[in-house]
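For reference, the structure is listed below as C-alpha cells.
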Amino acid sequence: MAKYRVMKSLLAGAALGALYSPAYAQDQGGVRDDIIIVTANKREQNLQETPIAISALSSETIELQGITQTQDLSGLAPNVAVNGGTTNATASVITIRGIPTNADETQGFDSPIGLYLDGVYLARSSASSFEVADIERIEVLRGPQGTLFGRNTTGGAVNFITKAPSEEASAKVKLGYGNYNQKQARIILNSGTIFDSGRISLGYMYKKRNGVVDNILQPDKSLDPGGNETHAARLAFELDITDNLKLTNIADWSKIDGVPHANQLSGVGDGVFRPNVTIGGNTFSQVQPANVGGYLANTAALEPQCGVPLASVQRARLDSICLEGAGLSTDIIRGNMTRLELDLDTVTVRSTTAFRGWKNEIRGSDLDGLGTIAGPVFAQTSTFNGLPASITGFLVPPFSGPMNPTALFLQGQAVPTTTQPLFQARNDREQSQFSQEVEIIGGTGTNFEWVVGGFYFKETGTELNPQTFAFILDTNQAVFSDANFGPNFGPGLRAANTANGTQFRAVVQASTLGYNVRGESYAIYGQGTYRPGGEDGALGITLGLRYSWDKKEMTVTQNGAVPFTTPAERALNSNSAKFSEPTGHFTIDYRANDDVNLYARAARGYRTGGFNARQATSVANNVGLIPFNEEKITSYELGAKTQLIPGLTLNGAVFYNIYEDQQATVPIPIVGGGSFGTQIVNAGKTKYLGVEVEARWQITDAFSIDGSFGYIDQKTKEFPSTDVNGVVQNIGSAFVAGNSPSTTANAGITYSAPIGDGDTRLTARVGASHVSSILFFGNPLTSPFQQETGGGARTLVDAQLRLDDINLGGAEFSLQLWGKNILDKEYVSRGIDFGQLGFGSVIYGDPATYGLSLEFEF
C-alpha cells in the first residue's frame with residue numbers, strides 16, 4: 001500500500017504538471033496541427049481530407065499511452081468500446097457504433113468488426129497479438145466498410161499498421177518494471193540499408209506479471225487470475241528488387257501463457273418464481289433458474305480457507321477467491337505476410353499473400369470461484385436416502401412406521417455426495433487462414449483516383465470443449481410431489497426432505513462440444529473518386545462497389561455426453577451453405593475551403609452467414625444442422641472535418657443505421673429428446689441514431705487538449721421469441737442490445753516542452769476514458785441474471801510522465817513513469833448469465849497498475 005500511495009502521488013503530480021505548468025511565450029501563428037496520413041482508401045491521404053469517420057493513433061500516442069493490446073482502445077475513439085474475454089488471455093469483444101463482435105467464440109460465427117494487421121484480415125479476434133510489433137499507427141474506421149475492407153465489416157474496422165524497416169541502422173531497447181511484479185523487455189534492431197537495396201528489422205519482446213486477484217488455492221502468484229507471460233518475435237524484411245518493384249515480408253510469432261481474470265458468482269437462483277410477462281399483447285414464460293442458493297446454503301467448501309460458499313456470491317469485486325479448477329491458457333499465434341508492390345508511371349500494382357495460425361489450449365476454467373464444494377447428489381437408485389424411517393415407513397405395507405424393514409434400510413443409507421463444480425470447462429482450439437489480395441491503384445494526383453482489386457480467403461478450424469456442470473434439482477418439486485406420491489404422503493416426504501438438508505441435490509452432467517469448420521471467400525471490388533475541378537477541386541464524388549461470395553462448412557463431431565457415431569447422426573451434423581451479397585458506398589465530399597471538409601455518405605455492409613456449433617440436432621425428429629443467413633446493414637452519414645482556428649481540429653458525424661436480418665438465437669424444441677437446443681435465425685432488426693465528435697486543440701507549442709464523445713440511440717425493432725402458445729412473436733420492445741454502451745467519451749491534457757539547456761523534453765499527460773453502463777445479455781426472458789451480470793458505467797483515468805533525450809555520459813535515453821486506472825476504479829469487463837443453470841458471474845477489469853520504463857536508442 002505504501003508503494004501504491006507513492007506512485008499515485010507521483011502520477012497526480014504529472015497530472016498537475018500538465019494542468020498548471022507555465023506555457024512558453026510564442027507567436028500563436030506558429031502553432032499548427034501535424035498532418036496525419038492514413039491509408040483507409042488504400043492510398044496515403046491526409047486524414048482531414050478523407051471523407052470517412054476515422055480515428056488515427058500515431059506511434060507517439062501509442063508509445064506514450066501504453067497501447068499494447070486491443071482492449072486499450074476502449075473509449076479512445078467515439079462509439080468504440082472493448083471488453084475482455086472469458087476463458088483465454090487474448091480474447092476481446094470490440095463494439096463499434098453499437099455493433100459488437102461475438103460474445104460466443106465458436107468458429108461458426110464471423111465478427112462484424114474487421115480486424116487487420118498491415119491490411120491482412122484476421123478472422124479471429126482471439127488470434128491477434130501485436131505487442132512485439134513496432135506500430136506506426138492504428139486506424140479505427142467506424143461504420144460499414146463494404147468496399148475496400150469489405151469482409152464482415154458491418155460495424156467497422158481496426159487496422160494496425162507497423163513501421164517499415166529503417167534505412168538507418170539502429171537499436172531500440174525498452175526495459176520496464178511495475179506493480180504486480182510486472183517485467184518487460186523489448187528490443188528492435190534495424191539493419192539499415194544493406195547491399196544498397198535491402199532492409200531488415202528484428203524485434204523480440206518478453207513480458208510477465210503476477211495475477212491481480214489472489215487465488216487462495218494457488219501459492220504461485222504468477223498463476224493467479226490475470227497473471228500472464230508473453231514471448232514474441234517479429235522479423236520484417238524489405239528488398240528493392242528494381243527501382244520500381246519492392247518486396248516486403250513480415251513474419252511474427254507469439255506465445256502467451258496466462259490465467260484469465262477471475263470469474264466470480266454475482267447472483268444465484270433463490271427459488272422465487274419468475275411469472276409470465278406480457279409483451280406487445282402476447283404472453284411469454286420466463287426461464288426459471290435452478291435454486292443454486294438453496295443448494296449452497298446446505299453445503300460447505302472442503303478447503304476451510306474458502307469460507308462459506310454463499311459469502312463468495314456477491315457483486316462487489318473480490319480481492320481473493322477460491323479457484324480449484326483454474327488452469328493455464330496458452331495461445332500460440334504465428335503469421336507471415338509477403339507483399340510485392342510494382343510502382344509504374346500511372347498505376348501501382350500490389351499483391352499481398354498472408355498466412356496466419358492460432359492454437360489455444362485452456363487447461364481448466366473455474367467459473368464459480370467457490371472452492372471444492374461437497375453436497376448431496378441426485379441418484380435415481382437412491383431417491384429416498386437419508387429420509388427418517390418414521391416417514392419412509394409409510395411407503396410399504398403394513399405402514400408400521402419405524403419398524404418397517406424397508407424403511408429402516410433406507411434410513412441407514414448415507415446420502416450420496418459429490419464434489420462436482422457448478423461449471424468447469426477445458427478447451428483445445430486451432431485455426432489457420434490463408435489470404436491473397438491483389439490491388440491496382442491508379443489516378444493518383446489526377447481528378448479521377450481509383451482502386452480495383454480481388455480478394456481470396458480460406459480458413460479451417462477445430463474445437464474440442466469438454467464441460468462438466470451440476471444442475472441443481474429441487475427434489476421436493478421434481479421427486480416428492482403429490483403427483484408422484486399422492487396428497488397423503490407427498491407433504492410428509494417434502495417436510496422430511498427439507499429437514500435433513502437434502503432438498504436440493506446436484507445432477508452431475510458432462511458434455512463435450514467438438515467440431516470442424518471450413519470457410520472460403522471470394523470478392524471483387526472497385527472504388528473511384530472524381531473531382532470535376534481537378535485534384536484539389538472542392539467537390540468530390542466517390543462510388544465503391546464490392547461483390548462477395550462466401551461458403552461455410554461445419555461438421556459437429558459431438559454436442560453432448562457422447563460423440564456422434566452412427567451414419568444418421570453424422571449426416572445430420574454435417575452441412576454446408578453458400579452466401580453472397582453486393583455491398584459498397586456512395587460518398588459526396590465538399591472542401592468548402594482549406595479548413596473545412598464536409599461529406600455525405602450512404603453505405604451498405606454485409607456479414608456472412610454460418611452455423612451454430614451449439615445447436616441441438618435430433619435423429620428422431622430429423623432436425624439437422626441448420627445454417628443461418630447473412631446480415632445486412634444500410635448506413636447514412638453526414639460528417640464535417642474542420643480546422644476553424646489555428647491549432648484546433650474539430651471533426652464530427654451524425655449517422656443513422658438500419659441493421660436487418662440480424663442473427664438471433666431462438667429455442668428449438670426437440671420433442672422426442674425431452675430437451676431443447678438453440679437455432680440462429682435471421683429475424684432481428686435494429687435502428688441506430690448516433691453522433692460523434694473528436695477534437696484536438698494545440699493551444700501552444702507546449703500545451704494541448706484532446707477529446708471525443710459518442711452517443712447512440714438504439715431501438716430493437718424486431719427480435720423473435722416463442723410465446724406460451726408456441727407461436728413466434730416479436731419482443732423487440734423489451735430486448736436490449738448486448739455489449740453495446742450508449743455513450744463513450746475521452747479527454748486528455750498534455751504538456752510537452754524542453755527543459756534545461758539541453759535537448760531533454762518533458763511530457764506530462766493525464767487522460768480519462770468513459771464507457772456508459774452495459775448489459776451483456778439482451779433477452780430478459782432467457783436471462784434471469786441480466787442485471788447481476790451487467791457492467792456499470794466506468795471512467796478510467798491514466799497518467800504518464802516522460803523525459804526524452806536525456807544525455808548521461810554521452811548516452812541518450814528516455815524515462816517514463818506511467819499509470820493506468822490510477823484511481824483504482826472497480827469495473828465489470830464481462831458478465832455471463834448461465835440462465836436455467838441458476839447462476840450468473842462477472843469478470844472485473846484490471847485494478848490500478850503502474851510502472852517505470854527505460855528506453856535506449858542508438
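Chains: A, B, ... in order of the C-alpha cells. Residues: from 1 per chain. Ligands: from 1, in order shown.
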
I want to know what sits within 8 Å of Gly540 in chain A, based on only C-alpha atoms, with residues of the same chain fewer than 2 positions away left out; could you give that as a PDB file with C-alpha atoms, in the first residue's frame?
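Output below, filename selection_30.pdb:
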```pdb
ATOM      1  CA  THR A 529     -13.255   9.307 -56.803  1.00  0.00           C
ATOM      2  CA  TYR A 530     -13.941  12.027 -59.352  1.00  0.00           C
ATOM      3  CA  ARG A 531     -13.182  15.698 -58.679  1.00  0.00           C
ATOM      4  CA  PRO A 532     -14.536  17.860 -61.524  1.00  0.00           C
ATOM      5  CA  GLY A 537     -11.148  20.672 -56.581  1.00  0.00           C
ATOM      6  CA  ALA A 538     -13.780  21.393 -53.962  1.00  0.00           C
ATOM      7  CA  THR A 542     -16.860   8.596 -54.741  1.00  0.00           C
ATOM      8  CA  ILE A 588     -20.020  13.162 -51.791  1.00  0.00           C
ATOM      9  CA  ASP A 589     -17.477  15.431 -50.154  1.00  0.00           C
ATOM     10  CA  TYR A 590     -17.113  19.187 -50.433  1.00  0.00           C
TER      11      TYR A 590
END
```

- [ ] Go through A:Leu189, A:Ala300, A:Ile135, A:Leu115 and flag the residue nearest Thr61 in chain A, using only C-alpha atoms for the distances.
- [x] A:Ile135

- [ ] Between A:Ser752, A:Asn516, A:Gln286, A:Thr352, single out the one closest to Asn779 in chain A, counting only C-alpha atoms.
- [x]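 Closest to Asn779 in chain A, using only C-alpha atoms: A:Gln286.
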
Task: Straight-line distance linking CA of Cys322 in chain A with CA of Thr372 in chain A, stated in Å to one decimal - done: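 Between these atoms lies a distance of 8.3 Å.
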
Name the residues of range 592-840 of chain A that fall into helix (DSSP H, G or I) according to DSSP on the backbone, using the chain letters and numbers of this document, as a JSON list (two decimals) with C-alpha atoms, in the first residue's frame.
```json
[["chain", "number", "residue", "atom", "x", "y", "z"],
["A", 671, "VAL", "CA", -39.96, -33.35, -28.77],
["A", 672, "GLY", "CA", -38.54, -36.84, -28.73],
["A", 673, "GLY", "CA", -35.47, -35.92, -26.75],
["A", 835, "GLY", "CA", -29.78, -18.89, -17.21],
["A", 836, "GLN", "CA", -31.52, -22.13, -16.25],
["A", 837, "LEU", "CA", -28.41, -23.46, -14.53]]
```

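Closest approach to Phe564 in chain A among A:Leu543, A:Leu367, A:Leu817, A:Leu513 is made by A:Leu513 (distances from only C-alpha atoms).
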
Task: Polymer residues at most 7 Å from Ile250 in chain A, only C-alpha atoms, same-chain spacing of 4 or more positions, as a list in words - done: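 After dropping sequence-adjacent residues, the list is Leu235, Ala236, Phe237, Asn336, Met337 and Thr338 of chain A.
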
Could you make a table, as a tab-separated table, of the residues of range 143-215 of chain A that have an atom within 10 Å of an atom of range 453-459 of chain A, each with its nearest atom pair and distance in Å to one decimal, counting only C-alpha atoms, in chain and number order?
```
residue	atom	partner	partner_atom	distance
A:Thr147	CA	A:Gly453	CA	9.9
A:Leu148	CA	A:Gly453	CA	8.5
A:Gly150	CA	A:Phe455	CA	9.7
A:Arg151	CA	A:Phe455	CA	9.5
```

Please produce an output containing C-alpha atoms for each residue in the selection, written as a PDB file, in the first residue's frame.
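Now in selection.pdb:
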```pdb
ATOM      1  CA  THR A 147     -15.776  -1.866 -50.329  1.00  0.00           C
ATOM      2  CA  LEU A 148     -12.051  -1.867 -49.573  1.00  0.00           C
ATOM      3  CA  GLY A 150     -15.385  -5.384 -47.216  1.00  0.00           C
ATOM      4  CA  ARG A 151     -15.380  -8.748 -45.438  1.00  0.00           C
TER       5      ARG A 151
END
```

Any idea what's packed within 8 Å of Gly156 in chain A, counting only C-alpha atoms, ignoring anything in its chain fewer than 3 positions away? Could you give it as a short mmCIF file (atom, residue, chain, number, x, y, z; two decimals) with N, CA and C atoms, in the first residue's frame?
```cif
data_model
loop_
_atom_site.label_atom_id
_atom_site.label_comp_id
_atom_site.auth_asym_id
_atom_site.auth_seq_id
_atom_site.Cartn_x
_atom_site.Cartn_y
_atom_site.Cartn_z
N ILE A 96 -18.27 -1.26 -32.12
CA ILE A 96 -18.17 -0.01 -32.86
C ILE A 96 -19.57 0.41 -33.29
N PRO A 112 -18.61 -8.96 -36.92
CA PRO A 112 -18.98 -7.80 -37.75
C PRO A 112 -17.98 -6.66 -37.68
N ILE A 113 -16.93 -6.82 -36.87
CA ILE A 113 -15.85 -5.84 -36.79
C ILE A 113 -14.61 -6.45 -37.44
N GLY A 114 -14.14 -5.80 -38.51
CA GLY A 114 -12.96 -6.31 -39.19
C GLY A 114 -11.69 -5.91 -38.46
N VAL A 140 -8.90 3.41 -36.82
CA VAL A 140 -10.19 2.86 -36.43
C VAL A 140 -11.24 3.47 -37.36
N LEU A 141 -11.79 2.64 -38.24
CA LEU A 141 -12.80 3.08 -39.20
C LEU A 141 -14.17 2.72 -38.66
N ARG A 142 -15.04 3.71 -38.53
CA ARG A 142 -16.36 3.48 -37.94
C ARG A 142 -17.43 3.46 -39.02
N GLY A 143 -18.37 2.55 -38.86
CA GLY A 143 -19.42 2.37 -39.84
C GLY A 143 -19.07 1.28 -40.82
N PRO A 144 -20.04 0.81 -41.60
CA PRO A 144 -19.79 -0.30 -42.54
C PRO A 144 -18.75 0.06 -43.58
N GLN A 145 -17.79 -0.84 -43.77
CA GLN A 145 -16.72 -0.65 -44.75
C GLN A 145 -16.90 -1.71 -45.83
N THR A 153 -17.60 -6.38 -42.20
CA THR A 153 -17.29 -5.12 -41.51
C THR A 153 -18.54 -4.26 -41.45
#
```

TODO: Compare A:Ser548, A:Ser618, A:Ser254, A:Thr39 by their minimum atom-to-atom distance to Glu569 in chain A, counting only C-alpha atoms, and give me the closest one.
DONE: A:Ser618

Task: Spatial neighbours of Leu340 in chain A, 12 Å, only C-alpha atoms, chain gap at least 2 places, as a PyMOL selection string - done: chain A and resi 237-242+244-250+337-338+342-343+348-354+436-440

Open item on the list: List the spatial neighbours of Ser708 in chain A as a ChimeraX atom specification - criterion: any atom at most 7 Å away, only C-alpha atoms, same-chain residues fewer than 2 positions off excluded.
Closed with: /A:77-78,693-695,710,745-747

Could you please take those selected residues and save N, CA and C atoms as a PDB file, in the first residue's frame?
```pdb
ATOM      1  N   ALA A  77     -11.761   6.251 -28.994  1.00  0.00           N
ATOM      2  CA  ALA A  77     -12.403   6.801 -30.187  1.00  0.00           C
ATOM      3  C   ALA A  77     -13.901   6.796 -29.927  1.00  0.00           C
ATOM      4  N   PRO A  78     -14.637   7.738 -30.495  1.00  0.00           N
ATOM      5  CA  PRO A  78     -16.075   7.797 -30.202  1.00  0.00           C
ATOM      6  C   PRO A  78     -16.805   6.540 -30.638  1.00  0.00           C
ATOM      7  N   VAL A 693     -18.097  13.176 -32.021  1.00  0.00           N
ATOM      8  CA  VAL A 693     -17.301  14.396 -32.074  1.00  0.00           C
ATOM      9  C   VAL A 693     -15.890  14.065 -31.606  1.00  0.00           C
ATOM     10  N   GLU A 694     -14.894  14.558 -32.348  1.00  0.00           N
ATOM     11  CA  GLU A 694     -13.498  14.442 -31.948  1.00  0.00           C
ATOM     12  C   GLU A 694     -12.847  15.815 -32.052  1.00  0.00           C
ATOM     13  N   ALA A 695     -11.986  16.134 -31.097  1.00  0.00           N
ATOM     14  CA  ALA A 695     -11.337  17.450 -31.112  1.00  0.00           C
ATOM     15  C   ALA A 695      -9.922  17.351 -30.557  1.00  0.00           C
ATOM     16  N   GLY A 710     -19.146  10.141 -28.078  1.00  0.00           N
ATOM     17  CA  GLY A 710     -20.022   9.380 -28.951  1.00  0.00           C
ATOM     18  C   GLY A 710     -21.282   8.971 -28.225  1.00  0.00           C
ATOM     19  N   ALA A 745     -16.713   8.408 -24.160  1.00  0.00           N
ATOM     20  CA  ALA A 745     -16.074   9.727 -24.169  1.00  0.00           C
ATOM     21  C   ALA A 745     -14.648   9.577 -23.672  1.00  0.00           C
ATOM     22  N   ASN A 746     -13.802  10.501 -24.074  1.00  0.00           N
ATOM     23  CA  ASN A 746     -12.471  10.576 -23.502  1.00  0.00           C
ATOM     24  C   ASN A 746     -11.986  12.010 -23.569  1.00  0.00           C
ATOM     25  N   ALA A 747     -11.062  12.351 -22.682  1.00  0.00           N
ATOM     26  CA  ALA A 747     -10.466  13.686 -22.644  1.00  0.00           C
ATOM     27  C   ALA A 747      -9.053  13.573 -22.095  1.00  0.00           C
TER      28      ALA A 747
END
```

- [ ] Please provide as number ranges by chain all residues within 8 Å of Asn159 in chain A, with the sequence filter that same-chain residues fewer than 4 positions apart are discarded (counting only C-alpha atoms).
- [x] A: 115-119, 138-140

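Distances from A:Ala683, A:Val842, A:Asp134, A:Glu553 to Gly369 in chain A were compared using only C-alpha atoms, and the smallest one belongs to A:Val842.
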
TODO: Enter the distance from CA of Tyr606 in chain A to CA of Lys641 in chain A, in Å, rounded to one decimal.
DONE: 27.1 Å

Open item on the list: I'd like to know which of A:Pro100, A:Gly226, A:Pro275, A:Pro376 is closest to Phe504 in chain A, using only C-alpha atoms.
Closed with: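 Selected residue with least distance to Phe504 in chain A: A:Pro376.
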